[in-house]
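> Quick one: the structure is below, questions incoming.
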Amino acid sequence: MRAEKGNIVIIGAGPAGSIAAALLNNKGYRAVILERDAFPRFSIGESLLPQCMEFIEQAGMLDAVRNAGFQLKDGAAFLFQGKHCEFWFADKFTSGFDSTYQVQRDRFDALLAAEAQRMGVDIRWRQEVVEADFSGEQPVLTVKDRDSEDRYRMTADFVLDASGFGRVLPRLLDLEKPSGFPVRQAVFTHIEDRIDDPRYDRNKIRIIVHPELTDVWYWLIPFSNGRCSLGVVGEAKILKVPEREPQAVLKQFVDAEPGLSALLHNAVFDTPVNSIGGYSANVKRLHGKGYALLGNAGEFLDPVFSSGVTIAMKSASLAAEVVDRQLRGMAVDWQQEFAEPLQKGVDTFRAFVSSWYDGGLQDVVLYQQQQPNIKAMICSILAGYVWDENNPYVKNSEPRLKTLVELCREP
C-alpha cells in the first residue's frame, strides 16, 4: 500500500472544507482535501445567512460568490394563518453584511471548491476515508479510491473532518451521540415555481407554519433562475413518509396551506422529491489528538434557521487559526479556543430552534407590536450573528427569549 503525506488533510470539499483549506493555504500550509464524491452534487442548506459572507471574505472568495449570479437574499418572511412578518437584515442590531444569497448548493459548493483549487489547494475527488488511526505521533488515514478501488495511506500533521452528514471521524472513532431533538423529517424538492403574485419578494426566504400543526413548517427558497427549493419539516410520525411516495406527501402538505398552495398554483414539480430523517446529530467531543470536527460532522441542529452552513464556516475559521498556531509550535487549547467559542453560537441557535418548535418563537416573530430594538436583536440572530455577545439575545439567549415569549403572549 503506497503512502503519502500532507501538512493538513481535510475530509470533505463542502463549504467548511473549502473555506478551511483556503484559509490554511493562505497561511502557507499544504492542504489536501479528500472528497468522497465528484462535484457538482446535490445538497440541501441552500439559504445562506449574512454571517457566512464574512467567512467567505476571509477566505478570499467574496468576489467569486458575488459574481456567480446567485439570488440575493436580504431577509426572511414568516407566515402563519394570515399573519405575516418580515425581517430585513439591514435592520439588524449587529454590524456586518446586510445581505447574502440563496444558492443551488451543487453550483455553490463547486464554486468554493474551484476557488480553493485556484489558490493552490489539492482536492482529490472520489476518495473515501475508510480507516483512521490517531494513536501514533501523526494521524494516519487509510483512503480508498472509489474509481480504482486502490487503497493508500495518508499521513498528516493534522486532520479536519468537514464531511458533513457523512460524519466520517465520528463513525470511525465512535464519537457519535444522540441529539436531544425529536426525530424530525424533511421532505423537499426543486420546482419550476412560475410564481405570478406581484407581491412575492424573491429576495427573502419564506418560512410558513402549517395552519393546524404548529410544529410543522415549510420553506420556500427562490433561486435566480425561476426555480425554488420547497420543503416541509415535521416529526417523522406526522409526515409518515415511508408509507407513501415522498411527492404525494409533499403535495398533500402544500395543499393544506392555502397561501402556499395559491402561490404555487402554476408550479411544475419536475424534480424527484427527496426525504431525510433523523438529521439532528451530536458528538461526544469536537476535537482530539490530531483532529477537529467541522460543521455537520460535529453537530447539526435543524434546518429552520438555515444555521448549518454558518456554523460550518465559523468552525472552519476558528479551526484554521488554532491549527496554524499549533503547527507553529505555540501552546494551544482546542477546548477554549475552538470548541467553547463555537458552542456559544450553536447554543444560541439551539435555544431559538427549541423555542420555535415550542411555539414561543413563532409568537415572537409574528408579534405585530414588537419594539424596534428587540426586533433588531432578533434579526441579528436570524442573520447568523450568534457570536455577537453585545446582543443580549446571544449572551443570555434562553432566559431572555423566554421572557420575550411571555411578553408577546400577554393579553
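Ordered as shown in the C-alpha cells, chains take letters A, B, and onward, while each chain numbers its residues from 1 and ligands are numbered from 1 in the order shown.
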Just asking: which residues within range 52-284 of chain A are alpha helix (DSSP H) according to DSSP, as JSON, numbers by chain?
{"A": [52, 53, 54, 55, 56, 57, 58, 62, 63, 64, 65, 66, 105, 106, 107, 108, 109, 110, 111, 112, 113, 114, 115, 116, 117, 118, 119, 168, 169, 170, 171, 172, 236, 237, 238, 239, 246, 247, 248, 249, 250, 251, 252, 253, 254, 255, 258, 259, 260, 261, 262, 263]}
> Could you pull out the strand (DSSP E) residues of range 174-346 of chain A, going by DSSP on the backbone, and write them as number ranges by chain?
A: 176-177, 184-192, 204-209, 217-222, 227-235, 274-277, 282-283, 287-288, 291-293
> Could you list, as a PDB file with all heavy atoms, in the first residue's frame, every residue within 8 Å of range 217-230 of chain A, counting only C-alpha atoms and ignoring same-chain residues fewer than 2 positions away?

ATOM      1  N   GLU A  46     -29.665  25.593   1.350  1.00  0.00           N
ATOM      2  CA  GLU A  46     -29.475  26.495   0.215  1.00  0.00           C
ATOM      3  C   GLU A  46     -29.637  27.968   0.545  1.00  0.00           C
ATOM      4  O   GLU A  46     -29.337  28.813  -0.282  1.00  0.00           O
ATOM      5  CB  GLU A  46     -30.487  26.119  -0.879  1.00  0.00           C
ATOM      6  CG  GLU A  46     -30.291  24.684  -1.365  1.00  0.00           C
ATOM      7  CD  GLU A  46     -31.603  23.936  -1.569  1.00  0.00           C
ATOM      8  OE1 GLU A  46     -32.556  24.186  -0.793  1.00  0.00           O
ATOM      9  OE2 GLU A  46     -31.663  23.107  -2.485  1.00  0.00           O
ATOM     10  N   SER A  47     -30.119  28.286   1.728  1.00  0.00           N
ATOM     11  CA  SER A  47     -30.364  29.677   2.099  1.00  0.00           C
ATOM     12  C   SER A  47     -29.276  30.118   3.073  1.00  0.00           C
ATOM     13  O   SER A  47     -29.288  29.760   4.243  1.00  0.00           O
ATOM     14  CB  SER A  47     -31.757  29.812   2.736  1.00  0.00           C
ATOM     15  OG  SER A  47     -32.142  31.157   2.832  1.00  0.00           O
ATOM     16  N   GLY A  69     -24.020  35.102  -9.906  1.00  0.00           N
ATOM     17  CA  GLY A  69     -25.407  35.192 -10.336  1.00  0.00           C
ATOM     18  C   GLY A  69     -26.409  34.513  -9.428  1.00  0.00           C
ATOM     19  O   GLY A  69     -27.521  34.190  -9.866  1.00  0.00           O
ATOM     20  N   PHE A  70     -26.056  34.314  -8.159  1.00  0.00           N
ATOM     21  CA  PHE A  70     -26.992  33.710  -7.219  1.00  0.00           C
ATOM     22  C   PHE A  70     -28.080  34.722  -6.833  1.00  0.00           C
ATOM     23  O   PHE A  70     -27.901  35.929  -6.960  1.00  0.00           O
ATOM     24  CB  PHE A  70     -26.263  33.237  -5.957  1.00  0.00           C
ATOM     25  CG  PHE A  70     -25.302  32.105  -6.190  1.00  0.00           C
ATOM     26  CD1 PHE A  70     -23.955  32.240  -5.878  1.00  0.00           C
ATOM     27  CD2 PHE A  70     -25.733  30.902  -6.709  1.00  0.00           C
ATOM     28  CE1 PHE A  70     -23.059  31.207  -6.078  1.00  0.00           C
ATOM     29  CE2 PHE A  70     -24.849  29.855  -6.924  1.00  0.00           C
ATOM     30  CZ  PHE A  70     -23.504  30.007  -6.614  1.00  0.00           C
ATOM     31  N   GLN A  71     -29.189  34.214  -6.325  1.00  0.00           N
ATOM     32  CA  GLN A  71     -30.315  35.043  -5.908  1.00  0.00           C
ATOM     33  C   GLN A  71     -29.970  35.825  -4.639  1.00  0.00           C
ATOM     34  O   GLN A  71     -29.563  35.239  -3.624  1.00  0.00           O
ATOM     35  CB  GLN A  71     -31.543  34.167  -5.641  1.00  0.00           C
ATOM     36  CG  GLN A  71     -32.737  34.894  -5.047  1.00  0.00           C
ATOM     37  CD  GLN A  71     -33.331  35.910  -5.990  1.00  0.00           C
ATOM     38  OE1 GLN A  71     -33.624  35.601  -7.137  1.00  0.00           O
ATOM     39  NE2 GLN A  71     -33.528  37.132  -5.506  1.00  0.00           N
ATOM     40  N   GLN A 102     -29.198  33.114  -1.872  1.00  0.00           N
ATOM     41  CA  GLN A 102     -29.877  31.829  -1.862  1.00  0.00           C
ATOM     42  C   GLN A 102     -29.315  31.053  -3.050  1.00  0.00           C
ATOM     43  O   GLN A 102     -29.378  31.522  -4.190  1.00  0.00           O
ATOM     44  CB  GLN A 102     -31.389  32.041  -1.922  1.00  0.00           C
ATOM     45  CG  GLN A 102     -31.810  32.882  -0.725  1.00  0.00           C
ATOM     46  CD  GLN A 102     -33.284  33.080  -0.547  1.00  0.00           C
ATOM     47  OE1 GLN A 102     -33.788  32.953   0.560  1.00  0.00           O
ATOM     48  NE2 GLN A 102     -33.991  33.403  -1.606  1.00  0.00           N
ATOM     49  N   VAL A 103     -28.756  29.889  -2.775  1.00  0.00           N
ATOM     50  CA  VAL A 103     -27.863  29.238  -3.735  1.00  0.00           C
ATOM     51  C   VAL A 103     -28.285  27.803  -4.009  1.00  0.00           C
ATOM     52  O   VAL A 103     -28.744  27.090  -3.112  1.00  0.00           O
ATOM     53  CB  VAL A 103     -26.409  29.250  -3.216  1.00  0.00           C
ATOM     54  CG1 VAL A 103     -25.934  30.683  -2.987  1.00  0.00           C
ATOM     55  CG2 VAL A 103     -26.255  28.439  -1.933  1.00  0.00           C
ATOM     56  N   GLN A 104     -28.126  27.388  -5.238  1.00  0.00           N
ATOM     57  CA  GLN A 104     -28.168  25.961  -5.521  1.00  0.00           C
ATOM     58  C   GLN A 104     -26.833  25.392  -5.036  1.00  0.00           C
ATOM     59  O   GLN A 104     -25.774  25.772  -5.520  1.00  0.00           O
ATOM     60  CB  GLN A 104     -28.346  25.706  -7.022  1.00  0.00           C
ATOM     61  CG  GLN A 104     -29.637  26.288  -7.593  1.00  0.00           C
ATOM     62  CD  GLN A 104     -29.444  27.673  -8.199  1.00  0.00           C
ATOM     63  OE1 GLN A 104     -28.625  28.475  -7.727  1.00  0.00           O
ATOM     64  NE2 GLN A 104     -30.211  27.973  -9.239  1.00  0.00           N
ATOM     65  N   PHE A 188     -38.479  17.334   0.487  1.00  0.00           N
ATOM     66  CA  PHE A 188     -38.102  18.527  -0.252  1.00  0.00           C
ATOM     67  C   PHE A 188     -37.813  18.208  -1.712  1.00  0.00           C
ATOM     68  O   PHE A 188     -37.563  17.059  -2.097  1.00  0.00           O
ATOM     69  CB  PHE A 188     -36.857  19.153   0.393  1.00  0.00           C
ATOM     70  CG  PHE A 188     -35.718  18.182   0.571  1.00  0.00           C
ATOM     71  CD1 PHE A 188     -34.764  18.026  -0.427  1.00  0.00           C
ATOM     72  CD2 PHE A 188     -35.609  17.419   1.721  1.00  0.00           C
ATOM     73  CE1 PHE A 188     -33.724  17.128  -0.277  1.00  0.00           C
ATOM     74  CE2 PHE A 188     -34.573  16.510   1.879  1.00  0.00           C
ATOM     75  CZ  PHE A 188     -33.622  16.363   0.881  1.00  0.00           C
ATOM     76  N   THR A 189     -37.831  19.264  -2.510  1.00  0.00           N
ATOM     77  CA  THR A 189     -37.514  19.143  -3.927  1.00  0.00           C
ATOM     78  C   THR A 189     -37.212  20.521  -4.496  1.00  0.00           C
ATOM     79  O   THR A 189     -37.325  21.535  -3.794  1.00  0.00           O
ATOM     80  CB  THR A 189     -38.690  18.505  -4.699  1.00  0.00           C
ATOM     81  OG1 THR A 189     -38.264  18.173  -6.018  1.00  0.00           O
ATOM     82  CG2 THR A 189     -39.886  19.455  -4.779  1.00  0.00           C
ATOM     83  N   HIS A 190     -36.834  20.572  -5.764  1.00  0.00           N
ATOM     84  CA  HIS A 190     -36.744  21.810  -6.527  1.00  0.00           C
ATOM     85  C   HIS A 190     -37.883  21.822  -7.538  1.00  0.00           C
ATOM     86  O   HIS A 190     -38.197  20.792  -8.138  1.00  0.00           O
ATOM     87  CB  HIS A 190     -35.405  21.910  -7.263  1.00  0.00           C
ATOM     88  CG  HIS A 190     -34.252  22.220  -6.371  1.00  0.00           C
ATOM     89  ND1 HIS A 190     -32.969  22.391  -6.842  1.00  0.00           N
ATOM     90  CD2 HIS A 190     -34.169  22.403  -5.024  1.00  0.00           C
ATOM     91  CE1 HIS A 190     -32.156  22.665  -5.830  1.00  0.00           C
ATOM     92  NE2 HIS A 190     -32.869  22.669  -4.717  1.00  0.00           N
ATOM     93  N   ILE A 191     -38.491  22.989  -7.737  1.00  0.00           N
ATOM     94  CA  ILE A 191     -39.598  23.124  -8.670  1.00  0.00           C
ATOM     95  C   ILE A 191     -39.371  24.317  -9.577  1.00  0.00           C
ATOM     96  O   ILE A 191     -38.603  25.237  -9.244  1.00  0.00           O
ATOM     97  CB  ILE A 191     -40.949  23.296  -7.926  1.00  0.00           C
ATOM     98  CG1 ILE A 191     -40.918  24.553  -7.038  1.00  0.00           C
ATOM     99  CG2 ILE A 191     -41.294  22.063  -7.111  1.00  0.00           C
ATOM    100  CD1 ILE A 191     -42.253  24.901  -6.394  1.00  0.00           C
ATOM    101  N   GLU A 192     -40.024  24.290 -10.741  1.00  0.00           N
ATOM    102  CA  GLU A 192     -40.157  25.497 -11.540  1.00  0.00           C
ATOM    103  C   GLU A 192     -41.358  26.230 -10.975  1.00  0.00           C
ATOM    104  O   GLU A 192     -42.499  25.785 -11.142  1.00  0.00           O
ATOM    105  CB  GLU A 192     -40.376  25.141 -13.011  1.00  0.00           C
ATOM    106  CG  GLU A 192     -40.465  26.351 -13.924  1.00  0.00           C
ATOM    107  CD  GLU A 192     -40.706  25.970 -15.372  1.00  0.00           C
ATOM    108  OE1 GLU A 192     -40.422  24.816 -15.745  1.00  0.00           O
ATOM    109  OE2 GLU A 192     -41.218  26.835 -16.121  1.00  0.00           O
ATOM    110  N   ASP A 193     -41.138  27.331 -10.261  1.00  0.00           N
ATOM    111  CA  ASP A 193     -42.209  27.864  -9.416  1.00  0.00           C
ATOM    112  C   ASP A 193     -43.282  28.644 -10.176  1.00  0.00           C
ATOM    113  O   ASP A 193     -44.439  28.649  -9.780  1.00  0.00           O
ATOM    114  CB  ASP A 193     -41.632  28.725  -8.283  1.00  0.00           C
ATOM    115  CG  ASP A 193     -40.827  29.914  -8.775  1.00  0.00           C
ATOM    116  OD1 ASP A 193     -41.453  30.881  -9.237  1.00  0.00           O
ATOM    117  OD2 ASP A 193     -39.591  29.890  -8.679  1.00  0.00           O
ATOM    118  N   ARG A 194     -42.922  29.339 -11.249  1.00  0.00           N
ATOM    119  CA  ARG A 194     -43.891  30.110 -12.046  1.00  0.00           C
ATOM    120  C   ARG A 194     -44.783  31.000 -11.175  1.00  0.00           C
ATOM    121  O   ARG A 194     -45.970  31.166 -11.434  1.00  0.00           O
ATOM    122  CB  ARG A 194     -44.752  29.183 -12.906  1.00  0.00           C
ATOM    123  CG  ARG A 194     -43.960  28.353 -13.907  1.00  0.00           C
ATOM    124  CD  ARG A 194     -44.872  27.593 -14.851  1.00  0.00           C
ATOM    125  NE  ARG A 194     -44.097  26.811 -15.801  1.00  0.00           N
ATOM    126  CZ  ARG A 194     -44.639  26.066 -16.776  1.00  0.00           C
ATOM    127  NH1 ARG A 194     -45.963  26.022 -16.901  1.00  0.00           N
ATOM    128  NH2 ARG A 194     -43.873  25.386 -17.601  1.00  0.00           N
ATOM    129  N   ARG A 202     -38.779  37.765  -4.054  1.00  0.00           N
ATOM    130  CA  ARG A 202     -37.815  36.680  -4.267  1.00  0.00           C
ATOM    131  C   ARG A 202     -36.521  36.888  -3.474  1.00  0.00           C
ATOM    132  O   ARG A 202     -35.670  35.987  -3.435  1.00  0.00           O
ATOM    133  CB  ARG A 202     -37.484  36.529  -5.754  1.00  0.00           C
ATOM    134  CG  ARG A 202     -38.670  36.160  -6.633  1.00  0.00           C
ATOM    135  CD  ARG A 202     -38.224  35.735  -8.034  1.00  0.00           C
ATOM    136  NE  ARG A 202     -37.621  34.408  -8.034  1.00  0.00           N
ATOM    137  CZ  ARG A 202     -38.286  33.267  -8.194  1.00  0.00           C
ATOM    138  NH1 ARG A 202     -39.614  33.283  -8.313  1.00  0.00           N
ATOM    139  NH2 ARG A 202     -37.653  32.117  -8.189  1.00  0.00           N
ATOM    140  N   ASN A 203     -36.365  38.043  -2.857  1.00  0.00           N
ATOM    141  CA  ASN A 203     -35.154  38.318  -2.084  1.00  0.00           C
ATOM    142  C   ASN A 203     -35.228  37.798  -0.653  1.00  0.00           C
ATOM    143  O   ASN A 203     -34.323  38.057   0.140  1.00  0.00           O
ATOM    144  CB  ASN A 203     -34.875  39.813  -2.052  1.00  0.00           C
ATOM    145  CG  ASN A 203     -34.449  40.339  -3.412  1.00  0.00           C
ATOM    146  OD1 ASN A 203     -34.084  39.580  -4.293  1.00  0.00           O
ATOM    147  ND2 ASN A 203     -34.500  41.652  -3.580  1.00  0.00           N
ATOM    148  N   LYS A 204     -36.308  37.093  -0.323  1.00  0.00           N
ATOM    149  CA  LYS A 204     -36.453  36.581   1.043  1.00  0.00           C
ATOM    150  C   LYS A 204     -36.831  35.109   1.038  1.00  0.00           C
ATOM    151  O   LYS A 204     -37.617  34.660   0.199  1.00  0.00           O
ATOM    152  CB  LYS A 204     -37.529  37.376   1.808  1.00  0.00           C
ATOM    153  CG  LYS A 204     -37.107  38.795   2.139  1.00  0.00           C
ATOM    154  CD  LYS A 204     -38.197  39.559   2.859  1.00  0.00           C
ATOM    155  CE  LYS A 204     -37.694  40.944   3.219  1.00  0.00           C
ATOM    156  NZ  LYS A 204     -37.331  41.735   2.021  1.00  0.00           N
ATOM    157  N   ILE A 205     -36.279  34.383   1.993  1.00  0.00           N
ATOM    158  CA  ILE A 205     -36.767  33.043   2.257  1.00  0.00           C
ATOM    159  C   ILE A 205     -38.134  33.165   2.926  1.00  0.00           C
ATOM    160  O   ILE A 205     -38.370  34.091   3.705  1.00  0.00           O
ATOM    161  CB  ILE A 205     -35.798  32.253   3.163  1.00  0.00           C
ATOM    162  CG1 ILE A 205     -36.288  30.814   3.370  1.00  0.00           C
ATOM    163  CG2 ILE A 205     -35.559  32.955   4.488  1.00  0.00           C
ATOM    164  CD1 ILE A 205     -35.327  29.939   4.182  1.00  0.00           C
ATOM    165  N   ARG A 206     -39.045  32.264   2.597  1.00  0.00           N
ATOM    166  CA  ARG A 206     -40.330  32.208   3.290  1.00  0.00           C
ATOM    167  C   ARG A 206     -40.345  30.991   4.212  1.00  0.00           C
ATOM    168  O   ARG A 206     -40.030  29.875   3.779  1.00  0.00           O
ATOM    169  CB  ARG A 206     -41.484  32.094   2.296  1.00  0.00           C
ATOM    170  CG  ARG A 206     -41.848  33.405   1.658  1.00  0.00           C
ATOM    171  CD  ARG A 206     -43.257  33.396   1.091  1.00  0.00           C
ATOM    172  NE  ARG A 206     -43.612  34.737   0.657  1.00  0.00           N
ATOM    173  CZ  ARG A 206     -44.850  35.146   0.414  1.00  0.00           C
ATOM    174  NH1 ARG A 206     -45.864  34.305   0.564  1.00  0.00           N
ATOM    175  NH2 ARG A 206     -45.085  36.376   0.033  1.00  0.00           N
ATOM    176  N   ILE A 207     -40.703  31.238   5.459  1.00  0.00           N
ATOM    177  CA  ILE A 207     -40.890  30.173   6.440  1.00  0.00           C
ATOM    178  C   ILE A 207     -42.353  30.231   6.855  1.00  0.00           C
ATOM    179  O   ILE A 207     -42.809  31.235   7.413  1.00  0.00           O
ATOM    180  CB  ILE A 207     -39.944  30.350   7.638  1.00  0.00           C
ATOM    181  CG1 ILE A 207     -38.486  30.272   7.169  1.00  0.00           C
ATOM    182  CG2 ILE A 207     -40.227  29.297   8.700  1.00  0.00           C
ATOM    183  CD1 ILE A 207     -37.475  30.555   8.244  1.00  0.00           C
ATOM    184  N   ILE A 208     -43.069  29.172   6.561  1.00  0.00           N
ATOM    185  CA  ILE A 208     -44.524  29.161   6.720  1.00  0.00           C
ATOM    186  C   ILE A 208     -44.908  28.067   7.704  1.00  0.00           C
ATOM    187  O   ILE A 208     -44.472  26.911   7.568  1.00  0.00           O
ATOM    188  CB  ILE A 208     -45.212  28.904   5.358  1.00  0.00           C
ATOM    189  CG1 ILE A 208     -44.696  29.900   4.314  1.00  0.00           C
ATOM    190  CG2 ILE A 208     -46.722  28.986   5.489  1.00  0.00           C
ATOM    191  CD1 ILE A 208     -44.945  29.473   2.884  1.00  0.00           C
ATOM    192  N   VAL A 209     -45.716  28.412   8.691  1.00  0.00           N
ATOM    193  CA  VAL A 209     -46.170  27.442   9.686  1.00  0.00           C
ATOM    194  C   VAL A 209     -47.456  26.787   9.188  1.00  0.00           C
ATOM    195  O   VAL A 209     -48.347  27.456   8.657  1.00  0.00           O
ATOM    196  CB  VAL A 209     -46.405  28.126  11.044  1.00  0.00           C
ATOM    197  CG1 VAL A 209     -46.837  27.099  12.095  1.00  0.00           C
ATOM    198  CG2 VAL A 209     -45.142  28.858  11.500  1.00  0.00           C
ATOM    199  N   HIS A 210     -47.538  25.482   9.354  1.00  0.00           N
ATOM    200  CA  HIS A 210     -48.745  24.747   8.965  1.00  0.00           C
ATOM    201  C   HIS A 210     -49.955  25.352   9.689  1.00  0.00           C
ATOM    202  O   HIS A 210     -49.867  25.702  10.877  1.00  0.00           O
ATOM    203  CB  HIS A 210     -48.589  23.269   9.330  1.00  0.00           C
ATOM    204  CG  HIS A 210     -49.657  22.372   8.801  1.00  0.00           C
ATOM    205  ND1 HIS A 210     -50.905  22.281   9.376  1.00  0.00           N
ATOM    206  CD2 HIS A 210     -49.666  21.517   7.749  1.00  0.00           C
ATOM    207  CE1 HIS A 210     -51.630  21.399   8.710  1.00  0.00           C
ATOM    208  NE2 HIS A 210     -50.904  20.931   7.703  1.00  0.00           N
ATOM    209  N   THR A 214     -48.697  23.223  14.406  1.00  0.00           N
ATOM    210  CA  THR A 214     -47.765  24.347  14.535  1.00  0.00           C
ATOM    211  C   THR A 214     -46.305  23.923  14.674  1.00  0.00           C
ATOM    212  O   THR A 214     -45.418  24.790  14.648  1.00  0.00           O
ATOM    213  CB  THR A 214     -48.153  25.230  15.737  1.00  0.00           C
ATOM    214  OG1 THR A 214     -48.228  24.438  16.920  1.00  0.00           O
ATOM    215  CG2 THR A 214     -49.490  25.903  15.481  1.00  0.00           C
ATOM    216  N   ASP A 215     -46.038  22.629  14.836  1.00  0.00           N
ATOM    217  CA  ASP A 215     -44.641  22.197  14.829  1.00  0.00           C
ATOM    218  C   ASP A 215     -44.243  21.646  13.464  1.00  0.00           C
ATOM    219  O   ASP A 215     -43.185  21.032  13.314  1.00  0.00           O
ATOM    220  CB  ASP A 215     -44.376  21.161  15.927  1.00  0.00           C
ATOM    221  CG  ASP A 215     -45.229  19.913  15.795  1.00  0.00           C
ATOM    222  OD1 ASP A 215     -46.186  19.938  14.997  1.00  0.00           O
ATOM    223  OD2 ASP A 215     -44.945  18.918  16.493  1.00  0.00           O
ATOM    224  N   VAL A 232     -40.985  20.615   3.429  1.00  0.00           N
ATOM    225  CA  VAL A 232     -41.814  20.603   4.633  1.00  0.00           C
ATOM    226  C   VAL A 232     -41.068  19.801   5.687  1.00  0.00           C
ATOM    227  O   VAL A 232     -40.417  18.792   5.384  1.00  0.00           O
ATOM    228  CB  VAL A 232     -43.219  20.016   4.359  1.00  0.00           C
ATOM    229  CG1 VAL A 232     -43.147  18.572   3.874  1.00  0.00           C
ATOM    230  CG2 VAL A 232     -44.095  20.115   5.606  1.00  0.00           C
ATOM    231  N   VAL A 233     -41.146  20.257   6.943  1.00  0.00           N
ATOM    232  CA  VAL A 233     -40.421  19.639   8.055  1.00  0.00           C
ATOM    233  C   VAL A 233     -41.392  19.354   9.185  1.00  0.00           C
ATOM    234  O   VAL A 233     -42.219  20.203   9.543  1.00  0.00           O
ATOM    235  CB  VAL A 233     -39.286  20.547   8.561  1.00  0.00           C
ATOM    236  CG1 VAL A 233     -38.562  19.905   9.743  1.00  0.00           C
ATOM    237  CG2 VAL A 233     -38.306  20.868   7.443  1.00  0.00           C
ATOM    238  N   GLY A 234     -41.285  18.183   9.755  1.00  0.00           N
ATOM    239  CA  GLY A 234     -42.093  17.825  10.920  1.00  0.00           C
ATOM    240  C   GLY A 234     -41.595  16.518  11.502  1.00  0.00           C
ATOM    241  O   GLY A 234     -40.699  15.878  10.950  1.00  0.00           O
TER     242      GLY A 234
END
> Tell me, in Å to one decimal, how far CA of Phe78 in chain A is from CA of Tyr200 in chain A.
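CA of Tyr200 in chain A lies at a distance of 12.8 Å from CA of Phe78 in chain A.
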> In Å, rounded to a single decimal, give me how far CA of Gly290 in chain A is from CA of Asp333 in chain A.
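CA of Gly290 in chain A lies at a distance of 12.6 Å from CA of Asp333 in chain A.
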> What lies within 7 Å of Arg30 in chain A using only C-alpha atoms, ignoring chain neighbours under 6 positions off, as a PyMOL selection string?
chain A and resi 6-8
> For a quick check of understanding, using only C-alpha atoms, which of A:Glu35, A:Asp147, A:Asp302, A:Asp161 has the smallest distance to Ala16 in chain A?
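Ranking A:Glu35, A:Asp147, A:Asp302, A:Asp161 by distance to Ala16 in chain A, first place goes to A:Asp161.
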> Restricting the calculation to only C-alpha atoms, which member of A:Gln247, A:Leu169, A:Leu342, A:Gln81 is positioned closest to Leu213 in chain A?
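Checking each of A:Gln247, A:Leu169, A:Leu342, A:Gln81 against Leu213 in chain A, counting only C-alpha atoms, the winner is A:Gln81.
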> Considering only C-alpha atoms, can you say which of A:Arg151, A:Lys375, A:Lys314, A:Lys73 comes closest to Asp201 in chain A?
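Selected residue with least distance to Asp201 in chain A: A:Lys73.
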